[in-house]
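Step one of this worksheet: look at the structure below.
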Amino acid sequence: MFGLRPYPNSKVMEEGKKEMGSRLVQELAMSGRDAPTSYIQRDPVRQINSPPHTSAQVPVIDLNRLSQSDGADESVKFRDALQSWGLFLAVNHGIPSSFLDEVLNLSTEFFHLPLEEKQKFANLVDGKEFKLEGYGNDIVLRDDQTLDWNDRLYLLVQPEDQRNLDVWPTNPVSFRDVLHTFGKNTQTVRAQILRAMAKVLELKEDCFVKQFDEKANMYARFNYYPLCKRPDLVFGLKPHADASAMTILLLDKEVAGLQVRKNAEWVDVPVFPDSLLVVIGDGIEIMSNGIFKSPIHRVVANSEKERLSVVMFSALDPEKNLEPLDELIDETRPRMYKMVKTKDYLADHFKHFAEGKRTLDFYKI
């Protein structure tokens with residue numbers, strides 16, 4: 001999950017070119033060692049064990065009904081989900097359940113490969129220089145940075161001509177073809193949701209869709225959360241909002257772990273087989289001039305079962321300006337965010353995440 005820390009610029013990448021050492025969480029978990037101090041959350045405000053707000057339930061949206069002429073009731077639920085939650089579970093999205101199972105199964109197969117096989121696609125050059133794409137962990141920018149209890153495989157999926165196939169796994173053998181297809185499927189779902197967003201705001205149908213041109217970015221992040229002996233001390237992924245415009249997640253079919261912040265409480269995102277979790281990113285919050293919300297969310301660790309998720313992050317062309325749509329600015333709702341180039345916003349987020357800060361706050365007017 002986004003834990004999106006994508007798309008750093010050269011300045012941030014230079015800061016991250018420090019020796020990281022071997023800190024693959026899966027290897028730590030298999031060794032039976034306690035979590036190193038670098039993973040222990042030192043801020044008591046984070047409240048790892050704070051109980052979920054059991055009366056709140058993550059909204060479920062039927063995308064098929066949403067697109068129908070008589071789907072007014074679903075449209076009301078959809079708008080409320082975007083404004084009050086910033087996320088929803090999407091059902092009847094058009095992707096066969098058998099294919100979603102294949103995506104999860106191949107992802108699990110990859111993380112269960114021998115370490116030597118996975119390291120063929122590592123995101124460290126000579127064990128020192130960090131690359132955004134590939135298998136491993138996220139970048140470490142500070143010696144006192146608190147780390148997350150997960151390993152990841154991070155790949156640029158779109159634009160297709162910019163893919164770095166050197167870090168696209170060839171084992172399992174069908175991995176590349178399945179990821180290509182899943183990217184196309186996700187793009188279709190994204191377009192459907194963007195058109196529905198425009199409709200509930202009474203805007204031209206393509207006003208959001210056209211923001212995602214042929215240079216728009218889509219990254220895939222495969223998250224692997226190993227068992228943790230002390231889940232009360234670490235996060236699978238620390239609290240954050242996504243810097244993407246939209247994030248679409250395929251969650252583990254058996255193990256929960258993702259939580260969203262709602263009314264000052266943490267709410268569990270339930271296991272909901274064959275659904276997709278759609279999360280609004282900072283990009284859409286900015287483009288909607290604050291009407292739709294980018295939620296804070298996190299992943300908690302588990303002492304009994306491993307967990308896996310596949311996350312697809314969509315962002316605008318890195319060279320494109322990110323700003324509120326003109327149609328959503330008027331005297332009653334003035335501009336709420338500054339204009340910023342997409343690549344600069346994402347680079348700022350990449351750095352702020354490591355510092356426990358939220359980038360969106362720096363761009364509010």
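For the structure tokens, the naming scheme is as follows: chains receive sequential letters (A, B, ...) according to their order of presentation, residues are indexed from 1 within each chain, and ligands are indexed from 1 in presentation order.
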Range 195-199 of chain A surroundings by only C-alpha atoms, 10 Å radius, close-in-sequence under 2 positions cut, as an mmCIF file with all heavy atoms, in the first residue's frame:
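Final output, result.cif:
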```cif
data_model
loop_
_atom_site.group_PDB
_atom_site.id
_atom_site.type_symbol
_atom_site.label_atom_id
_atom_site.label_comp_id
_atom_site.auth_asym_id
_atom_site.auth_seq_id
_atom_site.Cartn_x
_atom_site.Cartn_y
_atom_site.Cartn_z
ATOM 1 N N LEU A 63 -19.580 -1.039 -8.698
ATOM 2 C CA LEU A 63 -19.201 -0.227 -9.860
ATOM 3 C C LEU A 63 -20.121 -0.458 -11.052
ATOM 4 O O LEU A 63 -20.339 0.452 -11.858
ATOM 5 C CB LEU A 63 -17.756 -0.521 -10.260
ATOM 6 C CG LEU A 63 -16.669 -0.092 -9.274
ATOM 7 C CD1 LEU A 63 -15.287 -0.265 -9.900
ATOM 8 C CD2 LEU A 63 -16.863 1.342 -8.815
ATOM 9 N N LEU A 66 -23.141 1.596 -10.313
ATOM 10 C CA LEU A 66 -22.772 3.004 -10.349
ATOM 11 C C LEU A 66 -22.836 3.570 -11.761
ATOM 12 O O LEU A 66 -23.168 4.742 -11.958
ATOM 13 C CB LEU A 66 -21.353 3.172 -9.790
ATOM 14 C CG LEU A 66 -20.813 4.588 -9.629
ATOM 15 C CD1 LEU A 66 -21.622 5.370 -8.597
ATOM 16 C CD2 LEU A 66 -19.340 4.536 -9.229
ATOM 17 N N SER A 67 -22.560 2.739 -12.753
ATOM 18 C CA SER A 67 -22.529 3.202 -14.140
ATOM 19 C C SER A 67 -23.890 3.125 -14.831
ATOM 20 O O SER A 67 -24.035 3.572 -15.977
ATOM 21 C CB SER A 67 -21.513 2.373 -14.939
ATOM 22 O OG SER A 67 -21.909 1.003 -14.974
ATOM 23 N N SER A 75 -24.681 6.315 -6.550
ATOM 24 C CA SER A 75 -23.926 7.563 -6.723
ATOM 25 C C SER A 75 -23.852 8.345 -5.415
ATOM 26 O O SER A 75 -22.829 8.955 -5.099
ATOM 27 C CB SER A 75 -24.547 8.431 -7.819
ATOM 28 O OG SER A 75 -24.421 7.819 -9.088
ATOM 29 N N PHE A 78 -21.397 6.626 -3.286
ATOM 30 C CA PHE A 78 -20.074 6.835 -3.868
ATOM 31 C C PHE A 78 -19.518 8.199 -3.453
ATOM 32 O O PHE A 78 -18.380 8.305 -2.977
ATOM 33 C CB PHE A 78 -20.190 6.732 -5.388
ATOM 34 C CG PHE A 78 -18.932 7.021 -6.149
ATOM 35 C CD1 PHE A 78 -17.851 6.161 -6.087
ATOM 36 C CD2 PHE A 78 -18.840 8.144 -6.968
ATOM 37 C CE1 PHE A 78 -16.690 6.409 -6.818
ATOM 38 C CE2 PHE A 78 -17.699 8.403 -7.700
ATOM 39 C CZ PHE A 78 -16.622 7.543 -7.623
ATOM 40 N N ARG A 79 -20.327 9.251 -3.609
ATOM 41 C CA ARG A 79 -19.852 10.586 -3.242
ATOM 42 C C ARG A 79 -19.561 10.665 -1.742
ATOM 43 O O ARG A 79 -18.554 11.256 -1.328
ATOM 44 C CB ARG A 79 -20.871 11.652 -3.645
ATOM 45 C CG ARG A 79 -20.441 13.049 -3.216
ATOM 46 C CD ARG A 79 -21.143 14.147 -3.944
ATOM 47 N NE ARG A 79 -20.626 15.452 -3.534
ATOM 48 C CZ ARG A 79 -20.735 16.553 -4.249
ATOM 49 N NH1 ARG A 79 -21.362 16.526 -5.419
ATOM 50 N NH2 ARG A 79 -20.243 17.694 -3.812
ATOM 51 N N LEU A 82 -16.209 9.102 -0.984
ATOM 52 C CA LEU A 82 -15.070 9.908 -1.391
ATOM 53 C C LEU A 82 -14.862 11.109 -0.475
ATOM 54 O O LEU A 82 -13.727 11.531 -0.236
ATOM 55 C CB LEU A 82 -15.251 10.390 -2.829
ATOM 56 C CG LEU A 82 -15.355 9.306 -3.902
ATOM 57 C CD1 LEU A 82 -15.528 9.938 -5.273
ATOM 58 C CD2 LEU A 82 -14.122 8.414 -3.884
ATOM 59 N N ARG A 190 -9.885 2.368 -13.229
ATOM 60 C CA ARG A 190 -9.579 3.764 -12.882
ATOM 61 C C ARG A 190 -10.407 4.734 -13.711
ATOM 62 O O ARG A 190 -10.984 5.698 -13.179
ATOM 63 C CB ARG A 190 -8.086 4.035 -13.097
ATOM 64 C CG ARG A 190 -7.641 5.445 -12.730
ATOM 65 C CD ARG A 190 -6.201 5.676 -13.152
ATOM 66 N NE ARG A 190 -6.070 5.800 -14.597
ATOM 67 C CZ ARG A 190 -4.924 5.687 -15.268
ATOM 68 N NH1 ARG A 190 -3.800 5.395 -14.625
ATOM 69 N NH2 ARG A 190 -4.901 5.821 -16.580
ATOM 70 N N ALA A 191 -10.491 4.497 -15.013
ATOM 71 C CA ALA A 191 -11.254 5.384 -15.889
ATOM 72 C C ALA A 191 -12.728 5.394 -15.508
ATOM 73 O O ALA A 191 -13.383 6.452 -15.522
ATOM 74 C CB ALA A 191 -11.076 4.947 -17.344
ATOM 75 N N GLN A 192 -13.267 4.239 -15.163
ATOM 76 C CA GLN A 192 -14.671 4.162 -14.753
ATOM 77 C C GLN A 192 -14.910 4.989 -13.498
ATOM 78 O O GLN A 192 -15.908 5.723 -13.396
ATOM 79 C CB GLN A 192 -15.060 2.704 -14.512
ATOM 80 C CG GLN A 192 -16.522 2.507 -14.145
ATOM 81 C CD GLN A 192 -16.884 1.045 -13.922
ATOM 82 O OE1 GLN A 192 -16.029 0.163 -14.042
ATOM 83 N NE2 GLN A 192 -18.134 0.775 -13.598
ATOM 84 N N ILE A 193 -14.006 4.897 -12.545
ATOM 85 C CA ILE A 193 -14.155 5.644 -11.297
ATOM 86 C C ILE A 193 -13.993 7.143 -11.540
ATOM 87 O O ILE A 193 -14.738 7.967 -10.988
ATOM 88 C CB ILE A 193 -13.138 5.140 -10.264
ATOM 89 C CG1 ILE A 193 -13.457 3.694 -9.878
ATOM 90 C CG2 ILE A 193 -13.135 6.024 -9.017
ATOM 91 C CD1 ILE A 193 -12.371 3.010 -9.081
ATOM 92 N N LEU A 201 -19.879 15.358 -9.414
ATOM 93 C CA LEU A 201 -19.539 16.771 -9.258
ATOM 94 C C LEU A 201 -20.171 17.637 -10.349
ATOM 95 O O LEU A 201 -19.927 18.847 -10.407
ATOM 96 C CB LEU A 201 -18.018 16.961 -9.272
ATOM 97 C CG LEU A 201 -17.259 16.366 -8.085
ATOM 98 C CD1 LEU A 201 -15.754 16.536 -8.271
ATOM 99 C CD2 LEU A 201 -17.709 17.004 -6.772
ATOM 100 N N GLU A 202 -20.952 16.984 -11.220
ATOM 101 C CA GLU A 202 -21.644 17.670 -12.323
ATOM 102 C C GLU A 202 -20.649 18.386 -13.245
ATOM 103 O O GLU A 202 -20.854 19.521 -13.675
ATOM 104 C CB GLU A 202 -22.690 18.641 -11.781
ATOM 105 C CG GLU A 202 -23.774 17.951 -10.959
ATOM 106 C CD GLU A 202 -24.828 18.928 -10.443
ATOM 107 O OE1 GLU A 202 -24.604 20.152 -10.532
ATOM 108 O OE2 GLU A 202 -25.879 18.452 -9.969
ATOM 109 N N LEU A 203 -19.573 17.677 -13.566
ATOM 110 C CA LEU A 203 -18.561 18.181 -14.480
ATOM 111 C C LEU A 203 -18.603 17.376 -15.774
ATOM 112 O O LEU A 203 -19.297 16.357 -15.871
ATOM 113 C CB LEU A 203 -17.170 18.044 -13.852
ATOM 114 C CG LEU A 203 -16.940 18.771 -12.517
ATOM 115 C CD1 LEU A 203 -15.558 18.422 -11.981
ATOM 116 C CD2 LEU A 203 -17.094 20.274 -12.687
ATOM 117 N N LYS A 204 -17.866 17.816 -16.790
ATOM 118 C CA LYS A 204 -17.765 17.058 -18.027
ATOM 119 C C LYS A 204 -17.185 15.681 -17.733
ATOM 120 O O LYS A 204 -16.257 15.542 -16.933
ATOM 121 C CB LYS A 204 -16.893 17.803 -19.031
ATOM 122 C CG LYS A 204 -17.512 19.095 -19.551
ATOM 123 C CD LYS A 204 -16.608 19.747 -20.594
ATOM 124 C CE LYS A 204 -17.228 21.034 -21.130
ATOM 125 N NZ LYS A 204 -16.350 21.706 -22.130
ATOM 126 N N GLU A 205 -17.721 14.687 -18.401
ATOM 127 C CA GLU A 205 -17.400 13.295 -18.074
ATOM 128 C C GLU A 205 -15.906 12.999 -18.108
ATOM 129 O O GLU A 205 -15.399 12.213 -17.303
ATOM 130 C CB GLU A 205 -18.132 12.359 -19.039
ATOM 131 C CG GLU A 205 -17.934 10.892 -18.727
ATOM 132 C CD GLU A 205 -18.639 9.988 -19.725
ATOM 133 O OE1 GLU A 205 -18.448 10.186 -20.943
ATOM 134 O OE2 GLU A 205 -19.376 9.092 -19.282
ATOM 135 N N ASP A 206 -15.180 13.636 -19.022
ATOM 136 C CA ASP A 206 -13.769 13.301 -19.201
ATOM 137 C C ASP A 206 -12.823 14.247 -18.469
ATOM 138 O O ASP A 206 -11.609 14.191 -18.673
ATOM 139 C CB ASP A 206 -13.420 13.268 -20.685
ATOM 140 C CG ASP A 206 -13.527 14.646 -21.341
ATOM 141 O OD1 ASP A 206 -14.125 15.553 -20.725
ATOM 142 O OD2 ASP A 206 -13.017 14.805 -22.471
ATOM 143 N N CYS A 207 -13.332 15.110 -17.601
ATOM 144 C CA CYS A 207 -12.473 16.149 -17.018
ATOM 145 C C CYS A 207 -11.356 15.561 -16.162
ATOM 146 O O CYS A 207 -10.250 16.117 -16.120
ATOM 147 C CB CYS A 207 -13.299 17.161 -16.237
ATOM 148 S SG CYS A 207 -13.977 16.537 -14.701
ATOM 149 N N PHE A 208 -11.614 14.451 -15.462
ATOM 150 C CA PHE A 208 -10.555 13.798 -14.700
ATOM 151 C C PHE A 208 -9.784 12.808 -15.576
ATOM 152 O O PHE A 208 -8.554 12.726 -15.482
ATOM 153 C CB PHE A 208 -11.137 13.056 -13.496
ATOM 154 C CG PHE A 208 -11.578 13.953 -12.370
ATOM 155 C CD1 PHE A 208 -12.918 14.039 -12.013
ATOM 156 C CD2 PHE A 208 -10.658 14.695 -11.653
ATOM 157 C CE1 PHE A 208 -13.326 14.858 -10.976
ATOM 158 C CE2 PHE A 208 -11.064 15.516 -10.607
ATOM 159 C CZ PHE A 208 -12.406 15.605 -10.270
ATOM 160 N N VAL A 209 -10.489 12.076 -16.413
ATOM 161 C CA VAL A 209 -9.843 11.063 -17.249
ATOM 162 C C VAL A 209 -8.752 11.675 -18.118
ATOM 163 O O VAL A 209 -7.659 11.112 -18.269
ATOM 164 C CB VAL A 209 -10.887 10.340 -18.127
ATOM 165 C CG1 VAL A 209 -10.194 9.422 -19.134
ATOM 166 C CG2 VAL A 209 -11.853 9.534 -17.270
ATOM 167 N N ILE A 284 -5.826 13.524 -6.329
ATOM 168 C CA ILE A 284 -7.257 13.758 -6.533
ATOM 169 C C ILE A 284 -7.789 14.760 -5.515
ATOM 170 O O ILE A 284 -8.659 15.591 -5.847
ATOM 171 C CB ILE A 284 -8.040 12.435 -6.456
ATOM 172 C CG1 ILE A 284 -7.750 11.563 -7.682
ATOM 173 C CG2 ILE A 284 -9.541 12.683 -6.336
ATOM 174 C CD1 ILE A 284 -8.291 12.104 -8.989
ATOM 175 N N SER A 288 -9.619 17.979 -6.966
ATOM 176 C CA SER A 288 -11.010 18.228 -6.588
ATOM 177 C C SER A 288 -11.150 19.436 -5.670
ATOM 178 O O SER A 288 -12.243 19.717 -5.179
ATOM 179 C CB SER A 288 -11.607 16.985 -5.909
ATOM 180 O OG SER A 288 -11.054 16.799 -4.618
ATOM 181 N N PHE A 292 -12.909 15.790 -2.419
ATOM 182 C CA PHE A 292 -12.619 14.397 -2.135
ATOM 183 C C PHE A 292 -11.362 14.329 -1.256
ATOM 184 O O PHE A 292 -10.428 15.106 -1.437
ATOM 185 C CB PHE A 292 -12.419 13.606 -3.423
ATOM 186 C CG PHE A 292 -13.617 13.616 -4.336
ATOM 187 C CD1 PHE A 292 -13.457 13.559 -5.718
ATOM 188 C CD2 PHE A 292 -14.907 13.679 -3.827
ATOM 189 C CE1 PHE A 292 -14.559 13.566 -6.566
ATOM 190 C CE2 PHE A 292 -16.009 13.689 -4.667
ATOM 191 C CZ PHE A 292 -15.841 13.630 -6.035
#
```
### Message
Need the shell around Asn137 in chain A: protein/DNA/RNA residues with any atom at most 10 Å away, counting only C-alpha atoms. Skip same-chain ones fewer than 2 positions apart. Format as a list of chain:residue names?
### Response
A:Met20, A:Ser22, A:Arg23, A:Leu24, A:Val25, A:Ala122, A:Asn123, A:Leu124, A:Phe130, A:Leu132, A:Gly134, A:Tyr135, A:Ile139, A:Val140, A:Leu147, A:Asp148, A:Trp149, A:Asn150, A:Asp151, A:Arg152, A:Leu153, A:Tyr154, A:Asn223
What lies within 12 Å of range 162-178 of chain A using only C-alpha atoms, ignoring chain neighbours under 4 positions off, as a PDB file with C-alpha atoms, in the first residue's frame?
```pdb
ATOM      1  CA  PHE A  99      -7.552 -13.696 -12.486  1.00  0.00           C
ATOM      2  CA  LEU A 100      -7.287 -11.838  -9.158  1.00  0.00           C
ATOM      3  CA  ASP A 101      -6.439 -15.163  -7.517  1.00  0.00           C
ATOM      4  CA  GLU A 102      -3.703 -15.668 -10.102  1.00  0.00           C
ATOM      5  CA  VAL A 103      -2.217 -12.241  -9.339  1.00  0.00           C
ATOM      6  CA  LEU A 104      -2.090 -13.021  -5.607  1.00  0.00           C
ATOM      7  CA  ASN A 105      -0.783 -16.547  -6.142  1.00  0.00           C
ATOM      8  CA  LEU A 106       2.052 -15.407  -8.414  1.00  0.00           C
ATOM      9  CA  SER A 107       2.948 -12.679  -5.947  1.00  0.00           C
ATOM     10  CA  THR A 108       3.139 -15.201  -3.129  1.00  0.00           C
ATOM     11  CA  GLU A 109       5.233 -17.534  -5.284  1.00  0.00           C
ATOM     12  CA  PHE A 110       7.721 -14.758  -5.945  1.00  0.00           C
ATOM     13  CA  PHE A 111       8.237 -13.884  -2.282  1.00  0.00           C
ATOM     14  CA  HIS A 112       8.611 -17.581  -1.424  1.00  0.00           C
ATOM     15  CA  LEU A 113      11.444 -18.030  -3.928  1.00  0.00           C
ATOM     16  CA  PRO A 114      14.977 -18.557  -2.591  1.00  0.00           C
ATOM     17  CA  GLU A 117      16.560 -15.817  -7.048  1.00  0.00           C
ATOM     18  CA  LYS A 118      14.786 -12.716  -5.747  1.00  0.00           C
ATOM     19  CA  GLN A 119      18.026 -10.775  -5.479  1.00  0.00           C
ATOM     20  CA  LYS A 120      18.446 -10.986  -9.245  1.00  0.00           C
ATOM     21  CA  PHE A 121      15.894  -8.151  -9.248  1.00  0.00           C
ATOM     22  CA  ALA A 122      17.261  -6.243  -6.252  1.00  0.00           C
ATOM     23  CA  ASN A 123      16.853  -2.492  -5.837  1.00  0.00           C
ATOM     24  CA  LEU A 124      20.395  -2.065  -4.539  1.00  0.00           C
ATOM     25  CA  VAL A 125      23.412  -1.727  -6.845  1.00  0.00           C
ATOM     26  CA  LYS A 131      17.148   2.221  -7.024  1.00  0.00           C
ATOM     27  CA  LEU A 132      13.449   3.008  -6.843  1.00  0.00           C
ATOM     28  CA  GLU A 133      12.426  -0.080  -8.785  1.00  0.00           C
ATOM     29  CA  GLY A 134      13.116  -3.657  -7.876  1.00  0.00           C
ATOM     30  CA  TYR A 135      12.982  -6.058  -4.941  1.00  0.00           C
ATOM     31  CA  GLY A 136      14.007  -5.091  -1.430  1.00  0.00           C
ATOM     32  CA  LEU A 153       8.785  -5.372  -5.220  1.00  0.00           C
ATOM     33  CA  TYR A 154       8.265  -2.035  -6.955  1.00  0.00           C
ATOM     34  CA  LEU A 155       7.849  -1.731 -10.730  1.00  0.00           C
ATOM     35  CA  LEU A 156       6.888   0.922 -13.263  1.00  0.00           C
ATOM     36  CA  VAL A 157       4.025  -0.495 -15.333  1.00  0.00           C
ATOM     37  CA  GLN A 158       2.998   2.519 -17.432  1.00  0.00           C
ATOM     38  CA  PHE A 182      -3.486  -6.461 -14.415  1.00  0.00           C
ATOM     39  CA  GLY A 183      -2.153  -3.013 -15.300  1.00  0.00           C
ATOM     40  CA  LYS A 184      -4.545  -2.784 -18.246  1.00  0.00           C
ATOM     41  CA  ASN A 185      -7.448  -3.972 -16.099  1.00  0.00           C
ATOM     42  CA  GLU A 214      -0.117   8.568 -22.330  1.00  0.00           C
ATOM     43  CA  LYS A 215       2.703   9.805 -20.085  1.00  0.00           C
ATOM     44  CA  ALA A 216       0.801   9.248 -16.851  1.00  0.00           C
ATOM     45  CA  ASN A 217       2.592   6.910 -14.451  1.00  0.00           C
ATOM     46  CA  MET A 218       1.373   3.654 -12.970  1.00  0.00           C
ATOM     47  CA  TYR A 219       3.541   1.792 -10.494  1.00  0.00           C
ATOM     48  CA  ALA A 220       2.919  -1.648  -9.017  1.00  0.00           C
ATOM     49  CA  ARG A 221       4.000  -2.371  -5.475  1.00  0.00           C
ATOM     50  CA  PHE A 222       3.900  -5.949  -4.204  1.00  0.00           C
TER      51      PHE A 222
END
```
#### Entry: Closest of A:Val311, A:Ile286, A:Ala90, A:Ala301 to Val340 in chain A - atom-to-atom distances counting only C-alpha atoms
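That would be A:Ile286, the residue with the smallest distance to Val340 in chain A.
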### Task
Find the distance between CA of Arg307 in chain A and CA of Arg142 in chain A and write it in Å to one decimal.
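So the two atoms, CA of Arg307 in chain A and CA of Arg142 in chain A, lie 27.4 Å apart.
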### Message
Restricting the calculation to only C-alpha atoms: of A:Lys210, A:Arg65, A:Lys238, A:Arg261, which residue gets closest to Leu325 in chain A?
### Response
A:Lys210
### Ala315 in chain A surroundings by only C-alpha atoms, 10 Å radius, close-in-sequence under 6 positions cut, as a ChimeraX atom specification
/A:6-7,211-212,215-219,243-247,281-284,322,342-343,346
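Residues with any atom within 10 Å of Ser38 in chain A, counting only C-alpha atoms and excluding same-chain neighbours fewer than 4 positions away, are A:Arg42, A:Asp143, A:Asp144, A:Gln145, A:Thr146, A:Leu147, A:Asp148, A:Val234.
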### Summary
Correct to one decimal, the distance CA of Met287 in chain A-CA of Val60 in chain A is 23.6 Å
#### Entry: d(CA of Leu360 in chain A, CA of Tyr345 in chain A) in Å
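Computing it gives 8.7 Å between the two atoms.
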